[in-house]
Structures are given as structure tokens and as C-alpha cells.
file coords_15.pdb (PDB, C-alpha atoms)
ATOM      1  CA  MET A   1      18.584  20.217   8.941  1.00  0.00           C
ATOM      2  CA  LYS A   2      15.889  20.472   6.329  1.00  0.00           C
ATOM      3  CA  PHE A   3      14.119  17.179   5.519  1.00  0.00           C
ATOM      4  CA  VAL A   4      12.553  17.012   2.047  1.00  0.00           C
ATOM      5  CA  ALA A   5      10.239  14.025   1.536  1.00  0.00           C
ATOM      6  CA  LEU A   6      10.553  12.357  -1.857  1.00  0.00           C
ATOM      7  CA  GLU A   7       7.828  10.771  -3.949  1.00  0.00           C
ATOM      8  CA  LEU A   8       9.270   7.380  -2.985  1.00  0.00           C
ATOM      9  CA  GLU A   9       7.659   6.489   0.313  1.00  0.00           C
ATOM     10  CA  GLY A  10      10.064   6.894   3.247  1.00  0.00           C
ATOM     11  CA  ALA A  11      12.955   8.428   1.271  1.00  0.00           C
ATOM     12  CA  PHE A  12      14.283  11.928   1.974  1.00  0.00           C
ATOM     13  CA  VAL A  13      16.809  14.446   0.741  1.00  0.00           C
ATOM     14  CA  ILE A  14      18.388  16.174   3.724  1.00  0.00           C
ATOM     15  CA  ASP A  15      19.986  19.581   3.456  1.00  0.00           C
ATOM     16  CA  PRO A  16      22.194  20.966   6.219  1.00  0.00           C
ATOM     17  CA  GLU A  17      21.282  24.446   7.395  1.00  0.00           C
ATOM     18  CA  PRO A  18      24.598  26.271   7.804  1.00  0.00           C
ATOM     19  CA  ILE A  19      25.118  29.001  10.365  1.00  0.00           C
ATOM     20  CA  ALA A  20      27.813  31.240   8.907  1.00  0.00           C
ATOM     21  CA  ASP A  21      30.184  33.835  10.281  1.00  0.00           C
ATOM     22  CA  ALA A  22      33.656  35.146   9.458  1.00  0.00           C
ATOM     23  CA  ARG A  23      35.197  31.718  10.176  1.00  0.00           C
ATOM     24  CA  GLY A  24      33.003  29.893   7.663  1.00  0.00           C
ATOM     25  CA  PHE A  25      29.971  27.905   8.768  1.00  0.00           C
ATOM     26  CA  PHE A  26      28.758  25.227  11.120  1.00  0.00           C
ATOM     27  CA  ALA A  27      25.961  22.778  10.277  1.00  0.00           C
ATOM     28  CA  ARG A  28      24.558  19.584  11.670  1.00  0.00           C
ATOM     29  CA  SER A  29      24.787  16.566   9.344  1.00  0.00           C
ATOM     30  CA  PHE A  30      23.090  14.119  11.695  1.00  0.00           C
ATOM     31  CA  CYS A  31      20.979  14.359  14.842  1.00  0.00           C
ATOM     32  CA  GLN A  32      19.346  11.294  16.347  1.00  0.00           C
ATOM     33  CA  ARG A  33      16.491  13.358  17.796  1.00  0.00           C
ATOM     34  CA  GLU A  34      15.737  15.158  14.527  1.00  0.00           C
ATOM     35  CA  PHE A  35      15.751  11.906  12.554  1.00  0.00           C
ATOM     36  CA  ALA A  36      13.430  10.225  15.072  1.00  0.00           C
ATOM     37  CA  ALA A  37      11.102  13.261  15.010  1.00  0.00           C
ATOM     38  CA  GLN A  38      10.768  12.767  11.226  1.00  0.00           C
ATOM     39  CA  GLY A  39       9.946   9.078  11.727  1.00  0.00           C
ATOM     40  CA  LEU A  40      13.318   8.049  10.279  1.00  0.00           C
ATOM     41  CA  ASN A  41      15.529   5.306  11.654  1.00  0.00           C
ATOM     42  CA  PRO A  42      18.176   7.090  13.769  1.00  0.00           C
ATOM     43  CA  ARG A  43      20.269   3.945  14.398  1.00  0.00           C
ATOM     44  CA  VAL A  44      23.872   4.079  13.178  1.00  0.00           C
ATOM     45  CA  VAL A  45      26.084   1.024  13.744  1.00  0.00           C
ATOM     46  CA  GLN A  46      28.621   1.463  10.971  1.00  0.00           C
ATOM     47  CA  CYS A  47      30.098   4.287   8.898  1.00  0.00           C
ATOM     48  CA  ASN A  48      31.563   3.451   5.499  1.00  0.00           C
ATOM     49  CA  LEU A  49      33.786   5.379   3.137  1.00  0.00           C
ATOM     50  CA  SER A  50      34.214   4.775  -0.587  1.00  0.00           C
ATOM     51  CA  PHE A  51      36.921   6.393  -2.720  1.00  0.00           C
ATOM     52  CA  ASN A  52      36.695   6.310  -6.516  1.00  0.00           C
ATOM     53  CA  PRO A  53      39.657   7.667  -8.504  1.00  0.00           C
ATOM     54  CA  LYS A  54      37.902   7.757 -11.909  1.00  0.00           C
ATOM     55  CA  LYS A  55      34.866   9.595 -13.239  1.00  0.00           C
ATOM     56  CA  GLY A  56      32.309   7.099 -14.556  1.00  0.00           C
ATOM     57  CA  THR A  57      32.731   4.538 -11.769  1.00  0.00           C
ATOM     58  CA  LEU A  58      29.461   2.804 -10.956  1.00  0.00           C
ATOM     59  CA  ARG A  59      28.721   1.069  -7.648  1.00  0.00           C
ATOM     60  CA  GLY A  60      25.442  -0.728  -7.047  1.00  0.00           C
ATOM     61  CA  LEU A  61      22.574  -1.291  -6.932  1.00  0.00           C
ATOM     62  CA  HIS A  62      23.055  -2.856  -3.478  1.00  0.00           C
ATOM     63  CA  TYR A  63      20.771  -3.810  -0.592  1.00  0.00           C
ATOM     64  CA  GLN A  64      20.524  -6.273   2.306  1.00  0.00           C
ATOM     65  CA  LEU A  65      17.611  -8.585   3.104  1.00  0.00           C
ATOM     66  CA  SER A  66      15.864  -8.807   6.461  1.00  0.00           C
ATOM     67  CA  PRO A  67      16.816  -9.311   9.245  1.00  0.00           C
ATOM     68  CA  ALA A  68      19.883  -7.306   8.145  1.00  0.00           C
ATOM     69  CA  ALA A  69      17.958  -4.780   6.009  1.00  0.00           C
ATOM     70  CA  GLU A  70      19.595  -1.410   6.405  1.00  0.00           C
ATOM     71  CA  THR A  71      18.868   2.259   6.133  1.00  0.00           C
ATOM     72  CA  LYS A  72      21.630   4.468   4.768  1.00  0.00           C
ATOM     73  CA  LEU A  73      22.461   8.131   4.993  1.00  0.00           C
ATOM     74  CA  VAL A  74      24.654   8.904   1.973  1.00  0.00           C
ATOM     75  CA  ARG A  75      26.786  12.009   1.450  1.00  0.00           C
ATOM     76  CA  CYS A  76      29.441  12.903  -1.122  1.00  0.00           C
ATOM     77  CA  THR A  77      32.404  14.422   0.735  1.00  0.00           C
ATOM     78  CA  MET A  78      34.685  14.990  -2.263  1.00  0.00           C
ATOM     79  CA  GLY A  79      33.819  15.226  -5.956  1.00  0.00           C
ATOM     80  CA  ALA A  80      30.331  14.449  -7.262  1.00  0.00           C
ATOM     81  CA  ILE A  81      27.982  11.499  -7.765  1.00  0.00           C
ATOM     82  CA  TYR A  82      24.646  10.761  -9.349  1.00  0.00           C
ATOM     83  CA  ASP A  83      22.980   8.846  -6.521  1.00  0.00           C
ATOM     84  CA  VAL A  84      20.087   6.465  -7.260  1.00  0.00           C
ATOM     85  CA  ILE A  85      17.611   4.588  -5.089  1.00  0.00           C
ATOM     86  CA  VAL A  86      15.008   2.033  -6.176  1.00  0.00           C
ATOM     87  CA  ASP A  87      12.047   0.949  -4.043  1.00  0.00           C
ATOM     88  CA  LEU A  88      12.229  -2.865  -3.854  1.00  0.00           C
ATOM     89  CA  ARG A  89       9.500  -3.299  -1.229  1.00  0.00           C
ATOM     90  CA  ARG A  90       6.837  -5.465  -2.900  1.00  0.00           C
ATOM     91  CA  ASP A  91       4.026  -4.063  -0.726  1.00  0.00           C
ATOM     92  CA  SER A  92       4.951  -0.418  -1.417  1.00  0.00           C
ATOM     93  CA  SER A  93       2.879   1.934  -3.583  1.00  0.00           C
ATOM     94  CA  THR A  94       6.164   3.039  -5.199  1.00  0.00           C
ATOM     95  CA  TYR A  95       7.492  -0.498  -5.861  1.00  0.00           C
ATOM     96  CA  CYS A  96      10.150  -0.578  -8.635  1.00  0.00           C
ATOM     97  CA  ARG A  97      10.177   3.209  -8.969  1.00  0.00           C
ATOM     98  CA  TRP A  98      13.503   5.027  -8.770  1.00  0.00           C
ATOM     99  CA  PHE A  99      14.826   8.446  -7.821  1.00  0.00           C
ATOM    100  CA  GLY A 100      18.180  10.018  -8.656  1.00  0.00           C
ATOM    101  CA  LEU A 101      19.943  13.225  -7.725  1.00  0.00           C
ATOM    102  CA  GLU A 102      23.382  14.775  -7.783  1.00  0.00           C
ATOM    103  CA  LEU A 103      25.244  14.813  -4.491  1.00  0.00           C
ATOM    104  CA  THR A 104      28.412  16.893  -4.427  1.00  0.00           C
ATOM    105  CA  ALA A 105      30.968  18.101  -1.937  1.00  0.00           C
ATOM    106  CA  GLN A 106      29.725  21.619  -2.715  1.00  0.00           C
ATOM    107  CA  ASN A 107      25.956  21.107  -2.269  1.00  0.00           C
ATOM    108  CA  ARG A 108      26.473  18.970   0.870  1.00  0.00           C
ATOM    109  CA  ARG A 109      23.091  17.297   0.344  1.00  0.00           C
ATOM    110  CA  MET A 110      22.407  13.872   1.826  1.00  0.00           C
ATOM    111  CA  LEU A 111      20.108  11.072   0.721  1.00  0.00           C
ATOM    112  CA  TYR A 112      18.225   8.991   3.290  1.00  0.00           C
ATOM    113  CA  VAL A 113      17.733   5.483   1.888  1.00  0.00           C
ATOM    114  CA  PRO A 114      15.074   3.441   3.740  1.00  0.00           C
ATOM    115  CA  GLU A 115      15.164  -0.308   4.360  1.00  0.00           C
ATOM    116  CA  GLY A 116      14.122  -2.282   1.317  1.00  0.00           C
ATOM    117  CA  PHE A 117      15.629   0.101  -1.236  1.00  0.00           C
ATOM    118  CA  GLY A 118      18.400  -0.675  -3.695  1.00  0.00           C
ATOM    119  CA  HIS A 119      21.136   1.960  -3.763  1.00  0.00           C
ATOM    120  CA  GLY A 120      23.872   2.810  -6.224  1.00  0.00           C
ATOM    121  CA  TYR A 121      25.790   5.712  -7.654  1.00  0.00           C
ATOM    122  CA  LEU A 122      27.852   6.847 -10.607  1.00  0.00           C
ATOM    123  CA  THR A 123      30.819   9.161 -10.078  1.00  0.00           C
ATOM    124  CA  LEU A 124      30.658  12.422 -12.024  1.00  0.00           C
ATOM    125  CA  ALA A 125      34.219  13.525 -11.223  1.00  0.00           C
ATOM    126  CA  ASP A 126      37.639  12.004 -10.668  1.00  0.00           C
ATOM    127  CA  ASP A 127      38.707  11.500  -7.042  1.00  0.00           C
ATOM    128  CA  THR A 128      35.223  11.180  -5.587  1.00  0.00           C
ATOM    129  CA  GLU A 129      34.617  10.098  -2.002  1.00  0.00           C
ATOM    130  CA  VAL A 130      31.289   8.947  -0.552  1.00  0.00           C
ATOM    131  CA  SER A 131      30.413   8.529   3.109  1.00  0.00           C
ATOM    132  CA  TYR A 132      27.578   6.284   4.388  1.00  0.00           C
ATOM    133  CA  GLN A 133      26.050   5.964   7.818  1.00  0.00           C
ATOM    134  CA  VAL A 134      24.360   2.561   8.037  1.00  0.00           C
ATOM    135  CA  SER A 135      21.769   1.179  10.479  1.00  0.00           C
ATOM    136  CA  GLU A 136      22.853  -2.486  10.340  1.00  0.00           C
ATOM    137  CA  PHE A 137      26.163  -4.290  10.236  1.00  0.00           C
ATOM    138  CA  TYR A 138      27.345  -5.649   6.902  1.00  0.00           C
ATOM    139  CA  ALA A 139      25.945  -9.178   6.537  1.00  0.00           C
ATOM    140  CA  PRO A 140      27.391 -10.944   3.478  1.00  0.00           C
ATOM    141  CA  GLY A 141      24.752 -13.702   3.612  1.00  0.00           C
ATOM    142  CA  HIS A 142      21.982 -11.093   3.291  1.00  0.00           C
ATOM    143  CA  GLU A 143      23.665  -8.960   0.633  1.00  0.00           C
ATOM    144  CA  ARG A 144      21.870  -8.677  -2.703  1.00  0.00           C
ATOM    145  CA  GLY A 145      22.047  -6.541  -5.799  1.00  0.00           C
ATOM    146  CA  ALA A 146      20.138  -5.455  -8.861  1.00  0.00           C
ATOM    147  CA  ARG A 147      21.683  -4.505 -12.190  1.00  0.00           C
ATOM    148  CA  TRP A 148      22.238  -0.786 -12.783  1.00  0.00           C
ATOM    149  CA  ASN A 149      20.606  -0.927 -16.238  1.00  0.00           C
ATOM    150  CA  ASP A 150      17.815  -3.400 -15.477  1.00  0.00           C
ATOM    151  CA  PRO A 151      14.780  -2.682 -17.700  1.00  0.00           C
ATOM    152  CA  ALA A 152      12.455  -3.321 -14.722  1.00  0.00           C
ATOM    153  CA  PHE A 153      13.517   0.100 -13.382  1.00  0.00           C
ATOM    154  CA  GLY A 154      14.385   2.174 -16.458  1.00  0.00           C
ATOM    155  CA  ILE A 155      16.904   4.330 -14.604  1.00  0.00           C
ATOM    156  CA  ARG A 156      18.154   7.263 -16.674  1.00  0.00           C
ATOM    157  CA  TRP A 157      21.814   7.626 -15.742  1.00  0.00           C
ATOM    158  CA  PRO A 158      23.586  10.838 -16.858  1.00  0.00           C
ATOM    159  CA  MET A 159      26.279   8.811 -18.662  1.00  0.00           C
ATOM    160  CA  ALA A 160      27.273   5.208 -19.281  1.00  0.00           C
ATOM    161  CA  PRO A 161      29.616   3.728 -16.680  1.00  0.00           C
ATOM    162  CA  VAL A 162      33.300   3.444 -17.557  1.00  0.00           C
ATOM    163  CA  ILE A 163      34.240   1.262 -14.569  1.00  0.00           C
ATOM    164  CA  ILE A 164      31.943  -1.327 -13.009  1.00  0.00           C
ATOM    165  CA  SER A 165      32.766  -4.496 -11.095  1.00  0.00           C
ATOM    166  CA  ASP A 166      31.974  -7.884 -12.626  1.00  0.00           C
ATOM    167  CA  LYS A 167      29.669  -8.502  -9.670  1.00  0.00           C
ATOM    168  CA  ASP A 168      27.692  -5.264 -10.145  1.00  0.00           C
ATOM    169  CA  GLY A 169      27.495  -5.703 -13.906  1.00  0.00           C
ATOM    170  CA  GLY A 170      26.473  -9.343 -13.709  1.00  0.00           C
ATOM    171  CA  TYR A 171      23.295  -9.309 -11.636  1.00  0.00           C
ATOM    172  CA  SER A 172      20.342 -11.154 -13.215  1.00  0.00           C
ATOM    173  CA  ASP A 173      17.207  -9.342 -14.350  1.00  0.00           C
ATOM    174  CA  PHE A 174      15.062  -8.230 -11.459  1.00  0.00           C
ATOM    175  CA  ILE A 175      11.674  -9.938 -11.563  1.00  0.00           C
ATOM    176  CA  PRO A 176       8.955  -7.654 -10.170  1.00  0.00           C
TER     177      PRO A 176
END
call {"tool": "encode", "arguments": {"input": "coords_15.pdb", "output": "C-alpha cells"}}
result
Amino acid sequence: MKFVALELEGAFVIDPEPIADARGFFARSFCQREFAAQGLNPRVVQCNLSFNPKKGTLRGLHYQLSPAAETKLVRCTMGAIYDVIVDLRRDSSTYCRWFGLELTAQNRRMLYVPEGFGHGYLTLADDTEVSYQVSEFYAPGHERGARWNDPAFGIRWPMAPVIISDKDGGYSDFIP
């Protein structure tokens, strides 16, 4: 795997390094040792799957508070998404800054989302599926969210959402 550090402290894009032959290819999408060697949290306690039938579906921005703060490894396994993370760690040099990139079934890229980051995505194709590996169990009492279009972040989404839950659309302004 190739680990590409982002300008947001602790966040990475991870590219598999396929080994190809006449059958196709083989590539590692996760290795506890390689993650630990990069200083990344290698703990995985839960794997989640999200299916979105319509292009323009927005999910997020979601995060969990300590002691249930989680890291995520996000990959699009079918279709395409514009994946966004926002640094919500008040003591971070990149506080309130965001990063977005396209994850597709074809590019097979993954996004490593550190603890203390908000995460969300917008589907760019019908019938899109997203897979997450998560370091902590879901803890409803620690779940929080920030609005996708909050002016505190200024995220530039590639299109306006067509489908968004009342919960995700109704978060209050984030106060930095």
C-alpha cells in the first residue's frame, strides 16, 4: 500500500499497489503492521456498509466524541463518491480545514480519517456502495454531526445534494 499524507494532520489517502498477472490482480487493502508502521491506528472493531441508490445522496458530516472517538478507513466499492473530512480538533494546526477527494470503485483509493475529524460524502453515481472500517463501536450517546454546508468550513461540494436526511440537514452552525 502507498500512504500519502495529506495537509490535514494525521489524514492519509491510501492507494493499493496491485500485483497483476493473467488472472487480474491482487492487492492489500489493509495491513495492521503497515498501518502501525505509519503511526496510524490499526484497530478495527466494526466494518460498516452503506448503499445509496441515487446520485446526489449526502451523508454526514459525522463524528463521535471521546471516549468513543473513532478512526475510519473509507473505500467506495461500487459507484463513486466525493468524500470529505474536516479537522474538528481544537488544538490542531489544521482546525476547521477540510479536504475532499473522489473515491470510486475504479480508482480503489481509500481515505484514512483520524479521530476528531468530521466525515461525510456525496454520491456521484446511482447505486453507490461505501465500506468503512472503524476503530470504535458505534456509541449513539457520543455521536455528533456538523452541517454539510456550514460556513465555518466552506466546503466546495461538486454538486448540491438531492437527498439528505432531516438529521444531517438540520445540524446547527458549528462554532469554532
call {"tool": "resolve_selection", "arguments": {"input": "coords_15.pdb", "expression": "the PyMOL selection byres ((chain A and resi 41) around 9)", "output": "short mmCIF file (atom, residue, chain, number, x, y, z; two decimals) with C-alpha atoms, keeping the file's coordinate frame"}}
result
data_model
loop_
_atom_site.label_atom_id
_atom_site.label_comp_id
_atom_site.auth_asym_id
_atom_site.auth_seq_id
_atom_site.Cartn_x
_atom_site.Cartn_y
_atom_site.Cartn_z
CA GLN A 32 19.35 11.29 16.35
CA PHE A 35 15.75 11.91 12.55
CA ALA A 36 13.43 10.22 15.07
CA GLN A 38 10.77 12.77 11.23
CA GLY A 39 9.95 9.08 11.73
CA LEU A 40 13.32 8.05 10.28
CA PRO A 42 18.18 7.09 13.77
CA ARG A 43 20.27 3.94 14.40
CA VAL A 44 23.87 4.08 13.18
CA THR A 71 18.87 2.26 6.13
CA PRO A 114 15.07 3.44 3.74
CA SER A 135 21.77 1.18 10.48
#
call {"tool": "resolve_selection", "arguments": {"input": "coords_15.pdb", "expression": "the PyMOL selection byres ((chain A and resi 124) around 7)", "output": "MDAnalysis selection string"}}
result
chainID A and resid 55:56 80:82 122:123 125
call {"tool": "write_last_selection", "arguments": {"input": "coords_15.pdb", "atoms": "C-alpha atoms", "output": "CSV table (one decimal), keeping the file's coordinate frame"}}
result
chain,number,residue,atom,x,y,z
A,55,LYS,CA,34.9,9.6,-13.2
A,56,GLY,CA,32.3,7.1,-14.6
A,80,ALA,CA,30.3,14.4,-7.3
A,81,ILE,CA,28.0,11.5,-7.8
A,82,TYR,CA,24.6,10.8,-9.3
A,122,LEU,CA,27.9,6.8,-10.6
A,123,THR,CA,30.8,9.2,-10.1
A,125,ALA,CA,34.2,13.5,-11.2
call {"tool": "residues_around", "arguments": {"input": "coords_15.pdb", "residues": "A:Val84", "least_positions_apart": "3", "cutoff": "10 Å", "atoms": "only C-alpha atoms", "output": "list in words"}}
result
Gly60, Leu61, Ile81, Trp98, Phe99, Gly100, Leu101, Glu102, Leu111, Val113, Phe117, Gly118, His119, Gly120, Tyr121, Leu122, Trp148, Ile155, Arg156 and Trp157 of chain A
call {"tool": "write_last_selection", "arguments": {"input": "coords_15.pdb", "atoms": "C-alpha atoms", "output": "PDB file, in the coordinates of the input"}}
result
ATOM      1  CA  GLY A  60      25.442  -0.728  -7.047  1.00  0.00           C
ATOM      2  CA  LEU A  61      22.574  -1.291  -6.932  1.00  0.00           C
ATOM      3  CA  ILE A  81      27.982  11.499  -7.765  1.00  0.00           C
ATOM      4  CA  TRP A  98      13.503   5.027  -8.770  1.00  0.00           C
ATOM      5  CA  PHE A  99      14.826   8.446  -7.821  1.00  0.00           C
ATOM      6  CA  GLY A 100      18.180  10.018  -8.656  1.00  0.00           C
ATOM      7  CA  LEU A 101      19.943  13.225  -7.725  1.00  0.00           C
ATOM      8  CA  GLU A 102      23.382  14.775  -7.783  1.00  0.00           C
ATOM      9  CA  LEU A 111      20.108  11.072   0.721  1.00  0.00           C
ATOM     10  CA  VAL A 113      17.733   5.483   1.888  1.00  0.00           C
ATOM     11  CA  PHE A 117      15.629   0.101  -1.236  1.00  0.00           C
ATOM     12  CA  GLY A 118      18.400  -0.675  -3.695  1.00  0.00           C
ATOM     13  CA  HIS A 119      21.136   1.960  -3.763  1.00  0.00           C
ATOM     14  CA  GLY A 120      23.872   2.810  -6.224  1.00  0.00           C
ATOM     15  CA  TYR A 121      25.790   5.712  -7.654  1.00  0.00           C
ATOM     16  CA  LEU A 122      27.852   6.847 -10.607  1.00  0.00           C
ATOM     17  CA  TRP A 148      22.238  -0.786 -12.783  1.00  0.00           C
ATOM     18  CA  ILE A 155      16.904   4.330 -14.604  1.00  0.00           C
ATOM     19  CA  ARG A 156      18.154   7.263 -16.674  1.00  0.00           C
ATOM     20  CA  TRP A 157      21.814   7.626 -15.742  1.00  0.00           C
TER      21      TRP A 157
END
call {"tool": "atom_distance", "arguments": {"input": "coords_15.pdb", "atom1": "atom CA of A:Ala69", "atom2": "atom CA of A:Ala139"}}
result
9.1 Å
call {"tool": "resolve_selection", "arguments": {"input": "coords_15.pdb", "expression": "the PyMOL selection byres ((chain A and resi 110) around 9)", "output": "ChimeraX atom specification"}}
result
/A:12-16,29,73-76,103,108-109,111-112
call {"tool": "atom_distance", "arguments": {"input": "coords_15.pdb", "atom1": "atom CA of A:Phe137", "atom2": "atom CA of A:Asp83"}}
result
21.5 Å
call {"tool": "closest_residue", "arguments": {"input": "coords_15.pdb", "among": "A:Ala22, A:Ile164, A:Ala146, A:Leu49", "to": "A:Val130", "atoms": "all atoms listed in the file"}}
result
A:Leu49
call {"tool": "closest_residue", "arguments": {"input": "coords_15.pdb", "among": "A:Asp173, A:Arg90, A:Glu115, A:Lys54", "to": "A:Glu129", "atoms": "all atoms listed in the file"}}
result
A:Lys54
call {"tool": "atom_distance", "arguments": {"input": "coords_15.pdb", "atom1": "atom CA of A:Tyr63", "atom2": "atom CA of A:Tyr132"}}
result
13.2 Å
call {"tool": "closest_residue", "arguments": {"input": "coords_15.pdb", "among": "A:Arg28, A:Val134, A:Cys96, A:Gly169", "to": "A:Gly154", "atoms": "all atoms listed in the file"}}
result
A:Cys96
call {"tool": "closest_residue", "arguments": {"input": "coords_15.pdb", "among": "A:Arg33, A:His142, A:Lys2, A:Arg147", "to": "A:Val86", "atoms": "all atoms listed in the file"}}
result
A:Arg147
call {"tool": "closest_residue", "arguments": {"input": "coords_15.pdb", "among": "A:Arg89, A:Asn107, A:Leu6, A:Tyr171", "to": "A:Pro18", "atoms": "all atoms listed in the file"}}
result
A:Asn107
call {"tool": "closest_residue", "arguments": {"input": "coords_15.pdb", "among": "A:Asp168, A:Glu34, A:Glu70, A:Asp21", "to": "A:Met1", "atoms": "only C-alpha atoms"}}
result
A:Glu34
call {"tool": "axis_aligned_box", "arguments": {"input": "coords_15.pdb", "around": "stretch 52-61 of chain A", "padding_each_side": "5 Å", "output": "lines of an AutoDock Vina configuration file"}}
result
center_x = 31.1
center_y = 4.2
center_z = -10.5
size_x = 27.1
size_y = 20.9
size_z = 18.0
call {"tool": "decode", "arguments": {"input": "coords_15.pdb", "residues": "stretch 15-34 of chain A", "atoms": "N, CA and C atoms", "output": "PDB file, in the first residue's frame"}}
result
ATOM      1  N   ASP A  15      -3.420   4.182  -1.330  1.00  0.00           N
ATOM      2  CA  ASP A  15      -3.606   3.540  -2.630  1.00  0.00           C
ATOM      3  C   ASP A  15      -3.097   2.109  -2.570  1.00  0.00           C
ATOM      4  N   PRO A  16      -3.914   1.149  -2.977  1.00  0.00           N
ATOM      5  CA  PRO A  16      -3.413  -0.230  -3.050  1.00  0.00           C
ATOM      6  C   PRO A  16      -2.365  -0.328  -4.162  1.00  0.00           C
ATOM      7  N   GLU A  17      -1.448  -1.233  -4.002  1.00  0.00           N
ATOM      8  CA  GLU A  17      -0.427  -1.463  -5.024  1.00  0.00           C
ATOM      9  C   GLU A  17      -0.654  -2.855  -5.621  1.00  0.00           C
ATOM     10  N   PRO A  18      -1.416  -2.894  -6.725  1.00  0.00           N
ATOM     11  CA  PRO A  18      -1.785  -4.190  -7.305  1.00  0.00           C
ATOM     12  C   PRO A  18      -0.595  -4.939  -7.902  1.00  0.00           C
ATOM     13  N   ILE A  19      -0.630  -6.235  -7.731  1.00  0.00           N
ATOM     14  CA  ILE A  19       0.295  -7.144  -8.412  1.00  0.00           C
ATOM     15  C   ILE A  19      -0.556  -7.896  -9.420  1.00  0.00           C
ATOM     16  N   ALA A  20      -0.267  -7.663 -10.698  1.00  0.00           N
ATOM     17  CA  ALA A  20      -1.138  -8.176 -11.771  1.00  0.00           C
ATOM     18  C   ALA A  20      -0.504  -9.358 -12.497  1.00  0.00           C
ATOM     19  N   ASP A  21      -1.386 -10.208 -12.999  1.00  0.00           N
ATOM     20  CA  ASP A  21      -0.994 -11.278 -13.914  1.00  0.00           C
ATOM     21  C   ASP A  21      -2.203 -11.585 -14.802  1.00  0.00           C
ATOM     22  N   ALA A  22      -2.180 -12.691 -15.493  1.00  0.00           N
ATOM     23  CA  ALA A  22      -3.238 -13.025 -16.437  1.00  0.00           C
ATOM     24  C   ALA A  22      -4.612 -13.178 -15.764  1.00  0.00           C
ATOM     25  N   ARG A  23      -4.639 -13.452 -14.479  1.00  0.00           N
ATOM     26  CA  ARG A  23      -5.900 -13.630 -13.756  1.00  0.00           C
ATOM     27  C   ARG A  23      -6.544 -12.312 -13.360  1.00  0.00           C
ATOM     28  N   GLY A  24      -5.768 -11.243 -13.354  1.00  0.00           N
ATOM     29  CA  GLY A  24      -6.234  -9.950 -12.857  1.00  0.00           C
ATOM     30  C   GLY A  24      -5.174  -9.376 -11.944  1.00  0.00           C
ATOM     31  N   PHE A  25      -5.558  -9.001 -10.723  1.00  0.00           N
ATOM     32  CA  PHE A  25      -4.559  -8.511  -9.776  1.00  0.00           C
ATOM     33  C   PHE A  25      -4.928  -8.897  -8.358  1.00  0.00           C
ATOM     34  N   PHE A  26      -3.947  -8.751  -7.498  1.00  0.00           N
ATOM     35  CA  PHE A  26      -4.104  -8.932  -6.063  1.00  0.00           C
ATOM     36  C   PHE A  26      -3.502  -7.702  -5.402  1.00  0.00           C
ATOM     37  N   ALA A  27      -4.163  -7.169  -4.371  1.00  0.00           N
ATOM     38  CA  ALA A  27      -3.636  -6.021  -3.645  1.00  0.00           C
ATOM     39  C   ALA A  27      -4.125  -6.067  -2.205  1.00  0.00           C
ATOM     40  N   ARG A  28      -3.323  -5.574  -1.330  1.00  0.00           N
ATOM     41  CA  ARG A  28      -3.698  -5.464   0.070  1.00  0.00           C
ATOM     42  C   ARG A  28      -4.497  -4.186   0.267  1.00  0.00           C
ATOM     43  N   SER A  29      -5.618  -4.259   0.991  1.00  0.00           N
ATOM     44  CA  SER A  29      -6.396  -3.061   1.300  1.00  0.00           C
ATOM     45  C   SER A  29      -6.276  -2.687   2.767  1.00  0.00           C
ATOM     46  N   PHE A  30      -5.691  -3.555   3.566  1.00  0.00           N
ATOM     47  CA  PHE A  30      -5.456  -3.252   4.972  1.00  0.00           C
ATOM     48  C   PHE A  30      -4.391  -4.199   5.487  1.00  0.00           C
ATOM     49  N   CYS A  31      -3.471  -3.665   6.290  1.00  0.00           N
ATOM     50  CA  CYS A  31      -2.475  -4.481   6.977  1.00  0.00           C
ATOM     51  C   CYS A  31      -2.162  -3.801   8.299  1.00  0.00           C
ATOM     52  N   GLN A  32      -2.444  -4.467   9.384  1.00  0.00           N
ATOM     53  CA  GLN A  32      -2.250  -3.906  10.711  1.00  0.00           C
ATOM     54  C   GLN A  32      -0.815  -3.428  10.902  1.00  0.00           C
ATOM     55  N   ARG A  33       0.141  -4.221  10.460  1.00  0.00           N
ATOM     56  CA  ARG A  33       1.557  -3.847  10.612  1.00  0.00           C
ATOM     57  C   ARG A  33       1.904  -2.595   9.820  1.00  0.00           C
ATOM     58  N   GLU A  34       1.430  -2.511   8.572  1.00  0.00           N
ATOM     59  CA  GLU A  34       1.741  -1.342   7.750  1.00  0.00           C
ATOM     60  C   GLU A  34       1.090  -0.079   8.302  1.00  0.00           C
TER      61      GLU A  34
END
